[in-house]
Amino acid sequence: MNLLYKMLVICITFFSVSLSYAENYKVPYPDGYRNWTHIKSMIIEPGHSLENPFQGIHHIYANKKALKGLNEGKYSDGAVLVFDLLNYVKKDKTIQESERKLVGVMVKNTKKYKNTGGWGFEGFAANSKTKRLTNDGGSSCFACHAPLTKEDYVYSQYRE
Ligand code: HEC
């Protein structure tokens with residue numbers, strides 16, 4: 001085997017290993033979250049400091065592990081929280097949901113996401129399961145959740 005060929009093999013191996021490494025760290029789309037536990041809802045109006053991009057009506061969902069975490073204040077690996085954000089329309093003295101704006105996801109994996117508090121953060125555009133909204137490994141999402149050290153970086157609280 002000549003040197004050039006060897007180097008080519010090393011490069012290809014390195015490239016595919018780093019590709020699968022990146023794939024492995026991607027936050028998965030939270031399939032089936034509409035069947036999880038609804039935690040709470042909130043409307044954010046124009047002019048609020050979270051307006052861009054969170055203006056609209058959002059519902060928070062938790063899978064079983066995240067529900068346990070909400071009760072205990074500490075989350076185990078595999079806990080997933082979803083921030084389902086929809087536009088709304090004001091009509092005949094009602095506020096009604098309209099199209100989806102984005103699906104925000106937090107998935108707990110202490111080893112994989114140790115730079116962002118043990119949580120993987122991702123946003124999925126509108127109804128897409130593949131169009132991702134973060135390009136900084138979730139660090140700008142985490143920056144705003146970071147002060148909540150006592151709550152394991154989770155804002156929502158469960159109500160009966
Ligand atoms: C400027 C602050 C801020 C930024 C940036 C931010 N969040 Fe949040 N996030 C919040 C607040 C406040 C709540 C609580 C909303 C509520 O109480 O209904 C929240 C709630 C959530 C929740 C539900 C769990 C919880 O902590 O209550 C998820 C999931 C979430 N955010 C994901 C994301 C993702 C993904 C990003 C980045 C794309 C992001 N967030 C960026 C402030 C922020």
# chains A, B, ... in the order shown; residues from 1 in each chain; ligands from 1
$ select_by_dssp --residues "chain A" --states "strand (DSSP E)" --output "count of residues only"
49
$ select_by_dssp --residues "stretch 22-155 of chain A" --states "helix (DSSP H, G or I)" --output "MDAnalysis selection string"
chainID A and resid 22:25 33:35 51:54 64:72 114:116 139:145
$ write_last_selection --atoms "N, CA and C atoms" --output "mmCIF file, in the first residue's frame"
data_model
loop_
_atom_site.group_PDB
_atom_site.id
_atom_site.type_symbol
_atom_site.label_atom_id
_atom_site.label_comp_id
_atom_site.auth_asym_id
_atom_site.auth_seq_id
_atom_site.Cartn_x
_atom_site.Cartn_y
_atom_site.Cartn_z
ATOM 1 N N ALA A 22 -21.352 13.191 15.167
ATOM 2 C CA ALA A 22 -22.290 14.320 15.121
ATOM 3 C C ALA A 22 -23.737 13.818 15.089
ATOM 4 N N GLU A 23 -24.000 12.767 14.290
ATOM 5 C CA GLU A 23 -25.346 12.177 14.200
ATOM 6 C C GLU A 23 -25.826 11.726 15.573
ATOM 7 N N ASN A 24 -24.913 11.078 16.281
ATOM 8 C CA ASN A 24 -25.193 10.510 17.585
ATOM 9 C C ASN A 24 -25.576 11.574 18.615
ATOM 10 N N TYR A 25 -25.076 12.790 18.418
ATOM 11 C CA TYR A 25 -25.322 13.858 19.383
ATOM 12 C C TYR A 25 -26.546 14.701 19.024
ATOM 13 N N TYR A 33 -45.116 12.985 21.193
ATOM 14 C CA TYR A 33 -45.196 13.813 22.410
ATOM 15 C C TYR A 33 -46.617 14.297 22.713
ATOM 16 N N ARG A 34 -47.489 14.318 21.696
ATOM 17 C CA ARG A 34 -48.866 14.769 21.938
ATOM 18 C C ARG A 34 -49.630 13.790 22.831
ATOM 19 N N ASN A 35 -49.064 12.575 23.024
ATOM 20 C CA ASN A 35 -49.684 11.614 23.955
ATOM 21 C C ASN A 35 -49.037 11.660 25.343
ATOM 22 N N GLU A 51 -40.395 37.566 22.833
ATOM 23 C CA GLU A 51 -41.187 37.633 21.597
ATOM 24 C C GLU A 51 -40.549 36.896 20.417
ATOM 25 N N ASN A 52 -39.262 37.170 20.232
ATOM 26 C CA ASN A 52 -38.573 36.508 19.123
ATOM 27 C C ASN A 52 -37.697 35.399 19.678
ATOM 28 N N PRO A 53 -38.016 34.127 19.448
ATOM 29 C CA PRO A 53 -39.048 33.614 18.541
ATOM 30 C C PRO A 53 -40.287 33.061 19.262
ATOM 31 N N PHE A 54 -40.488 33.363 20.561
ATOM 32 C CA PHE A 54 -41.484 32.580 21.307
ATOM 33 C C PHE A 54 -42.869 33.211 21.413
ATOM 34 N N LYS A 64 -42.552 10.294 30.623
ATOM 35 C CA LYS A 64 -42.668 9.746 31.994
ATOM 36 C C LYS A 64 -41.495 10.139 32.881
ATOM 37 N N LYS A 65 -40.278 10.032 32.319
ATOM 38 C CA LYS A 65 -39.086 10.360 33.121
ATOM 39 C C LYS A 65 -39.054 11.842 33.472
ATOM 40 N N ALA A 66 -39.502 12.684 32.539
ATOM 41 C CA ALA A 66 -39.492 14.127 32.811
ATOM 42 C C ALA A 66 -40.564 14.478 33.839
ATOM 43 N N LEU A 67 -41.669 13.756 33.808
ATOM 44 C CA LEU A 67 -42.738 14.002 34.787
ATOM 45 C C LEU A 67 -42.218 13.686 36.196
ATOM 46 N N LYS A 68 -41.485 12.573 36.294
ATOM 47 C CA LYS A 68 -40.875 12.198 37.573
ATOM 48 C C LYS A 68 -39.904 13.311 38.002
ATOM 49 N N GLY A 69 -39.128 13.806 37.043
ATOM 50 C CA GLY A 69 -38.175 14.882 37.322
ATOM 51 C C GLY A 69 -38.858 16.151 37.813
ATOM 52 N N LEU A 70 -39.991 16.474 37.194
ATOM 53 C CA LEU A 70 -40.722 17.683 37.608
ATOM 54 C C LEU A 70 -41.159 17.571 39.065
ATOM 55 N N ASN A 71 -41.478 16.359 39.485
ATOM 56 C CA ASN A 71 -41.878 16.161 40.874
ATOM 57 C C ASN A 71 -40.694 16.161 41.825
ATOM 58 N N GLU A 72 -39.544 15.674 41.329
ATOM 59 C CA GLU A 72 -38.386 15.521 42.215
ATOM 60 C C GLU A 72 -37.366 16.654 42.098
ATOM 61 N N LYS A 114 -22.895 17.434 28.236
ATOM 62 C CA LYS A 114 -22.364 17.979 29.495
ATOM 63 C C LYS A 114 -22.051 19.480 29.428
ATOM 64 N N ASN A 115 -21.858 20.019 28.198
ATOM 65 C CA ASN A 115 -21.583 21.463 28.080
ATOM 66 C C ASN A 115 -22.831 22.330 28.230
ATOM 67 N N THR A 116 -23.999 21.716 28.147
ATOM 68 C CA THR A 116 -25.248 22.484 28.250
ATOM 69 C C THR A 116 -26.109 21.903 29.387
ATOM 70 N N SER A 139 -26.172 26.038 22.720
ATOM 71 C CA SER A 139 -25.612 26.879 23.791
ATOM 72 C C SER A 139 -26.413 28.166 24.005
ATOM 73 N N SER A 140 -27.021 28.737 22.953
ATOM 74 C CA SER A 140 -27.809 29.967 23.165
ATOM 75 C C SER A 140 -29.123 29.649 23.875
ATOM 76 N N CYS A 141 -29.690 28.465 23.638
ATOM 77 C CA CYS A 141 -30.874 28.037 24.396
ATOM 78 C C CYS A 141 -30.472 27.899 25.865
ATOM 79 N N PHE A 142 -29.382 27.184 26.087
ATOM 80 C CA PHE A 142 -28.952 26.899 27.458
ATOM 81 C C PHE A 142 -28.643 28.180 28.226
ATOM 82 N N ALA A 143 -28.091 29.202 27.515
ATOM 83 C CA ALA A 143 -27.712 30.454 28.180
ATOM 84 C C ALA A 143 -28.883 31.012 28.983
ATOM 85 N N CYS A 144 -30.093 30.878 28.463
ATOM 86 C CA CYS A 144 -31.260 31.442 29.138
ATOM 87 C C CYS A 144 -31.808 30.495 30.224
ATOM 88 N N HIS A 145 -31.579 29.186 30.063
ATOM 89 C CA HIS A 145 -32.037 28.220 31.070
ATOM 90 C C HIS A 145 -31.016 28.077 32.210
#
$ closest_atom_pairs --of "stretch 26-71 of chain A" --to "stretch 79-99 of chain A" --cutoff "6 Å" --atoms "only C-alpha atoms" --output "CSV"
residue,atom,partner,partner_atom,distance
A:Gly56,CA,A:Asn87,CA,4.7
A:Ile57,CA,A:Leu86,CA,5.3
A:His58,CA,A:Leu85,CA,4.3
A:His59,CA,A:Asp84,CA,5.2
A:Ile60,CA,A:Phe83,CA,4.8
A:Tyr61,CA,A:Val82,CA,5.1
A:Ala62,CA,A:Leu81,CA,4.7
A:Asn63,CA,A:Val80,CA,5.7
A:Lys65,CA,A:Ala79,CA,4.6
A:Ala66,CA,A:Ala79,CA,4.4
$ closest_residue --among "A:Asn127, A:Thr149, A:Gly73, A:Phe121" --to "A:Val107" --atoms "only C-alpha atoms"
A:Phe121
$ closest_residue --among "A:Arg159, A:Lys40, A:Arg100, A:Lys26" --to "A:Trp119" --atoms "only C-alpha atoms"
A:Lys26
$ atom_distance --atom1 "atom CA of A:Ser41" --atom2 "atom 17 (O, counted along the ligand's line) of ligand 1"
7.4 Å
$ residues_around --residues "A:Asn109" --least-positions-apart "4" --cutoff "6 Å" --atoms "only C-alpha atoms" --output "PDB file with N, CA and C atoms, in the first residue's frame"
ATOM      1  N   ASP A  77     -31.434  10.470  32.871  1.00  0.00           N
ATOM      2  CA  ASP A  77     -31.198  10.384  31.427  1.00  0.00           C
ATOM      3  C   ASP A  77     -32.425   9.783  30.752  1.00  0.00           C
ATOM      4  N   TYR A 113     -24.443  15.696  26.659  1.00  0.00           N
ATOM      5  CA  TYR A 113     -24.672  17.147  26.627  1.00  0.00           C
ATOM      6  C   TYR A 113     -24.089  17.848  27.846  1.00  0.00           C
ATOM      7  N   GLY A 118     -26.239  19.049  30.795  1.00  0.00           N
ATOM      8  CA  GLY A 118     -26.751  17.674  30.713  1.00  0.00           C
ATOM      9  C   GLY A 118     -28.009  17.579  29.867  1.00  0.00           C
ATOM     10  N   TRP A 119     -28.416  18.698  29.258  1.00  0.00           N
ATOM     11  CA  TRP A 119     -29.600  18.706  28.396  1.00  0.00           C
ATOM     12  C   TRP A 119     -29.190  18.999  26.951  1.00  0.00           C
TER      13      TRP A 119
END
$ residues_around --residues "stretch 133-136 of chain A" --least-positions-apart "6" --cutoff "10 Å" --atoms "only C-alpha atoms" --output "PDB file with N, CA and C atoms, in the first residue's frame"
ATOM      1  N   LEU A 102     -43.028  26.306  16.020  1.00  0.00           N
ATOM      2  CA  LEU A 102     -41.844  25.459  16.235  1.00  0.00           C
ATOM      3  C   LEU A 102     -42.103  24.467  17.369  1.00  0.00           C
ATOM      4  N   VAL A 103     -41.270  23.448  17.401  1.00  0.00           N
ATOM      5  CA  VAL A 103     -41.297  22.488  18.510  1.00  0.00           C
ATOM      6  C   VAL A 103     -39.917  22.549  19.174  1.00  0.00           C
ATOM      7  N   GLY A 104     -39.878  23.027  20.414  1.00  0.00           N
ATOM      8  CA  GLY A 104     -38.617  23.084  21.158  1.00  0.00           C
ATOM      9  C   GLY A 104     -38.476  21.825  21.995  1.00  0.00           C
ATOM     10  N   PHE A 121     -30.501  20.574  23.565  1.00  0.00           N
ATOM     11  CA  PHE A 121     -31.550  21.520  23.152  1.00  0.00           C
ATOM     12  C   PHE A 121     -31.671  21.511  21.637  1.00  0.00           C
ATOM     13  N   GLU A 122     -32.907  21.516  21.149  1.00  0.00           N
ATOM     14  CA  GLU A 122     -33.117  21.641  19.691  1.00  0.00           C
ATOM     15  C   GLU A 122     -34.483  22.236  19.426  1.00  0.00           C
ATOM     16  N   GLY A 123     -34.590  22.929  18.302  1.00  0.00           N
ATOM     17  CA  GLY A 123     -35.883  23.412  17.835  1.00  0.00           C
ATOM     18  C   GLY A 123     -36.154  22.817  16.462  1.00  0.00           C
ATOM     19  N   PHE A 124     -37.402  22.426  16.220  1.00  0.00           N
ATOM     20  CA  PHE A 124     -37.796  21.923  14.898  1.00  0.00           C
ATOM     21  C   PHE A 124     -38.799  22.915  14.312  1.00  0.00           C
ATOM     22  N   ALA A 125     -38.557  23.348  13.069  1.00  0.00           N
ATOM     23  CA  ALA A 125     -39.393  24.381  12.453  1.00  0.00           C
ATOM     24  C   ALA A 125     -40.788  23.864  12.143  1.00  0.00           C
TER      25      ALA A 125
END
$ atom_distance --atom1 "atom CA of A:Gly78" --atom2 "atom CA of A:Val105"
12.2 Å
$ decode --residues "stretch 20-132 of chain A" --atoms "C-alpha atoms" --output "mmCIF file, in the first residue's frame"
data_model
loop_
_atom_site.group_PDB
_atom_site.id
_atom_site.type_symbol
_atom_site.label_atom_id
_atom_site.label_comp_id
_atom_site.auth_asym_id
_atom_site.auth_seq_id
_atom_site.Cartn_x
_atom_site.Cartn_y
_atom_site.Cartn_z
ATOM 1 C CA SER A 20 -21.538 9.422 13.018
ATOM 2 C CA TYR A 21 -20.315 11.203 16.164
ATOM 3 C CA ALA A 22 -22.290 14.320 15.121
ATOM 4 C CA GLU A 23 -25.346 12.177 14.200
ATOM 5 C CA ASN A 24 -25.193 10.510 17.585
ATOM 6 C CA TYR A 25 -25.322 13.858 19.383
ATOM 7 C CA LYS A 26 -28.314 15.165 17.461
ATOM 8 C CA VAL A 27 -31.421 15.672 19.589
ATOM 9 C CA PRO A 28 -34.073 13.312 18.181
ATOM 10 C CA TYR A 29 -37.517 14.603 17.145
ATOM 11 C CA PRO A 30 -39.873 13.771 20.047
ATOM 12 C CA ASP A 31 -42.212 11.368 18.254
ATOM 13 C CA GLY A 32 -45.566 10.904 19.964
ATOM 14 C CA TYR A 33 -45.196 13.813 22.410
ATOM 15 C CA ARG A 34 -48.866 14.769 21.938
ATOM 16 C CA ASN A 35 -49.684 11.614 23.955
ATOM 17 C CA TRP A 36 -47.409 12.649 26.843
ATOM 18 C CA THR A 37 -48.445 14.581 29.966
ATOM 19 C CA HIS A 38 -49.480 18.168 29.376
ATOM 20 C CA ILE A 39 -47.709 20.287 32.014
ATOM 21 C CA LYS A 40 -48.878 23.831 31.320
ATOM 22 C CA SER A 41 -49.665 26.448 28.682
ATOM 23 C CA MET A 42 -48.800 30.121 28.272
ATOM 24 C CA ILE A 43 -49.478 32.920 25.810
ATOM 25 C CA ILE A 44 -46.602 35.282 25.043
ATOM 26 C CA GLU A 45 -47.783 38.552 23.571
ATOM 27 C CA PRO A 46 -45.938 40.870 21.165
ATOM 28 C CA GLY A 47 -43.590 43.190 23.060
ATOM 29 C CA HIS A 48 -42.527 40.524 25.598
ATOM 30 C CA SER A 49 -38.771 40.004 25.917
ATOM 31 C CA LEU A 50 -39.174 36.415 24.629
ATOM 32 C CA GLU A 51 -41.187 37.633 21.597
ATOM 33 C CA ASN A 52 -38.573 36.508 19.123
ATOM 34 C CA PRO A 53 -39.048 33.614 18.541
ATOM 35 C CA PHE A 54 -41.484 32.580 21.307
ATOM 36 C CA GLN A 55 -44.465 34.885 20.720
ATOM 37 C CA GLY A 56 -47.603 32.767 20.450
ATOM 38 C CA ILE A 57 -49.328 30.128 22.563
ATOM 39 C CA HIS A 58 -47.196 27.273 23.850
ATOM 40 C CA HIS A 59 -47.980 24.012 25.584
ATOM 41 C CA ILE A 60 -45.358 22.093 27.564
ATOM 42 C CA TYR A 61 -45.315 18.267 27.498
ATOM 43 C CA ALA A 62 -43.259 15.798 29.540
ATOM 44 C CA ASN A 63 -42.511 12.112 28.971
ATOM 45 C CA LYS A 64 -42.668 9.746 31.994
ATOM 46 C CA LYS A 65 -39.086 10.360 33.121
ATOM 47 C CA ALA A 66 -39.492 14.127 32.811
ATOM 48 C CA LEU A 67 -42.738 14.002 34.787
ATOM 49 C CA LYS A 68 -40.875 12.198 37.573
ATOM 50 C CA GLY A 69 -38.175 14.882 37.322
ATOM 51 C CA LEU A 70 -40.722 17.683 37.608
ATOM 52 C CA ASN A 71 -41.878 16.161 40.874
ATOM 53 C CA GLU A 72 -38.386 15.521 42.215
ATOM 54 C CA GLY A 73 -36.504 18.531 40.793
ATOM 55 C CA LYS A 74 -33.814 16.274 39.310
ATOM 56 C CA TYR A 75 -34.011 14.526 35.927
ATOM 57 C CA SER A 76 -32.622 11.151 34.879
ATOM 58 C CA ASP A 77 -31.198 10.384 31.427
ATOM 59 C CA GLY A 78 -33.987 9.878 28.902
ATOM 60 C CA ALA A 79 -36.220 12.642 30.307
ATOM 61 C CA VAL A 80 -37.700 14.739 27.474
ATOM 62 C CA LEU A 81 -39.565 18.050 27.675
ATOM 63 C CA VAL A 82 -41.332 19.626 24.695
ATOM 64 C CA PHE A 83 -42.275 23.269 24.094
ATOM 65 C CA ASP A 84 -44.984 23.170 21.412
ATOM 66 C CA LEU A 85 -45.403 26.715 20.036
ATOM 67 C CA LEU A 86 -48.383 27.756 17.911
ATOM 68 C CA ASN A 87 -49.566 31.061 16.522
ATOM 69 C CA TYR A 88 -52.937 32.272 17.767
ATOM 70 C CA VAL A 89 -55.780 34.398 16.437
ATOM 71 C CA LYS A 90 -58.093 36.607 18.452
ATOM 72 C CA LYS A 91 -61.637 36.077 17.221
ATOM 73 C CA ASP A 92 -65.086 36.828 18.671
ATOM 74 C CA LYS A 93 -63.642 37.413 22.137
ATOM 75 C CA THR A 94 -61.687 34.152 22.055
ATOM 76 C CA ILE A 95 -58.024 33.314 21.557
ATOM 77 C CA GLN A 96 -57.649 30.317 19.279
ATOM 78 C CA GLU A 97 -54.683 28.215 18.242
ATOM 79 C CA SER A 98 -53.490 28.424 14.645
ATOM 80 C CA GLU A 99 -50.448 27.032 12.783
ATOM 81 C CA ARG A 100 -47.457 25.594 14.598
ATOM 82 C CA LYS A 101 -44.366 27.853 14.757
ATOM 83 C CA LEU A 102 -41.844 25.459 16.235
ATOM 84 C CA VAL A 103 -41.297 22.488 18.510
ATOM 85 C CA GLY A 104 -38.617 23.084 21.158
ATOM 86 C CA VAL A 105 -37.040 20.023 22.761
ATOM 87 C CA MET A 106 -34.881 19.337 25.821
ATOM 88 C CA VAL A 107 -33.535 15.811 26.211
ATOM 89 C CA LYS A 108 -31.516 14.753 29.240
ATOM 90 C CA ASN A 109 -28.267 12.906 28.665
ATOM 91 C CA THR A 110 -25.633 13.820 31.207
ATOM 92 C CA LYS A 111 -22.693 12.457 29.197
ATOM 93 C CA LYS A 112 -23.630 13.624 25.702
ATOM 94 C CA TYR A 113 -24.672 17.147 26.627
ATOM 95 C CA LYS A 114 -22.364 17.979 29.495
ATOM 96 C CA ASN A 115 -21.583 21.463 28.080
ATOM 97 C CA THR A 116 -25.248 22.484 28.250
ATOM 98 C CA GLY A 117 -26.200 21.316 31.735
ATOM 99 C CA GLY A 118 -26.751 17.674 30.713
ATOM 100 C CA TRP A 119 -29.600 18.706 28.396
ATOM 101 C CA GLY A 120 -29.618 18.546 24.590
ATOM 102 C CA PHE A 121 -31.550 21.520 23.152
ATOM 103 C CA GLU A 122 -33.117 21.641 19.691
ATOM 104 C CA GLY A 123 -35.883 23.412 17.835
ATOM 105 C CA PHE A 124 -37.796 21.923 14.898
ATOM 106 C CA ALA A 125 -39.393 24.381 12.453
ATOM 107 C CA ALA A 126 -43.195 24.336 12.217
ATOM 108 C CA ASN A 127 -44.387 20.780 11.441
ATOM 109 C CA SER A 128 -41.023 19.528 10.225
ATOM 110 C CA LYS A 129 -39.346 16.604 11.964
ATOM 111 C CA THR A 130 -36.039 17.300 10.228
ATOM 112 C CA LYS A 131 -35.644 21.072 9.798
ATOM 113 C CA ARG A 132 -33.495 22.040 12.780
#
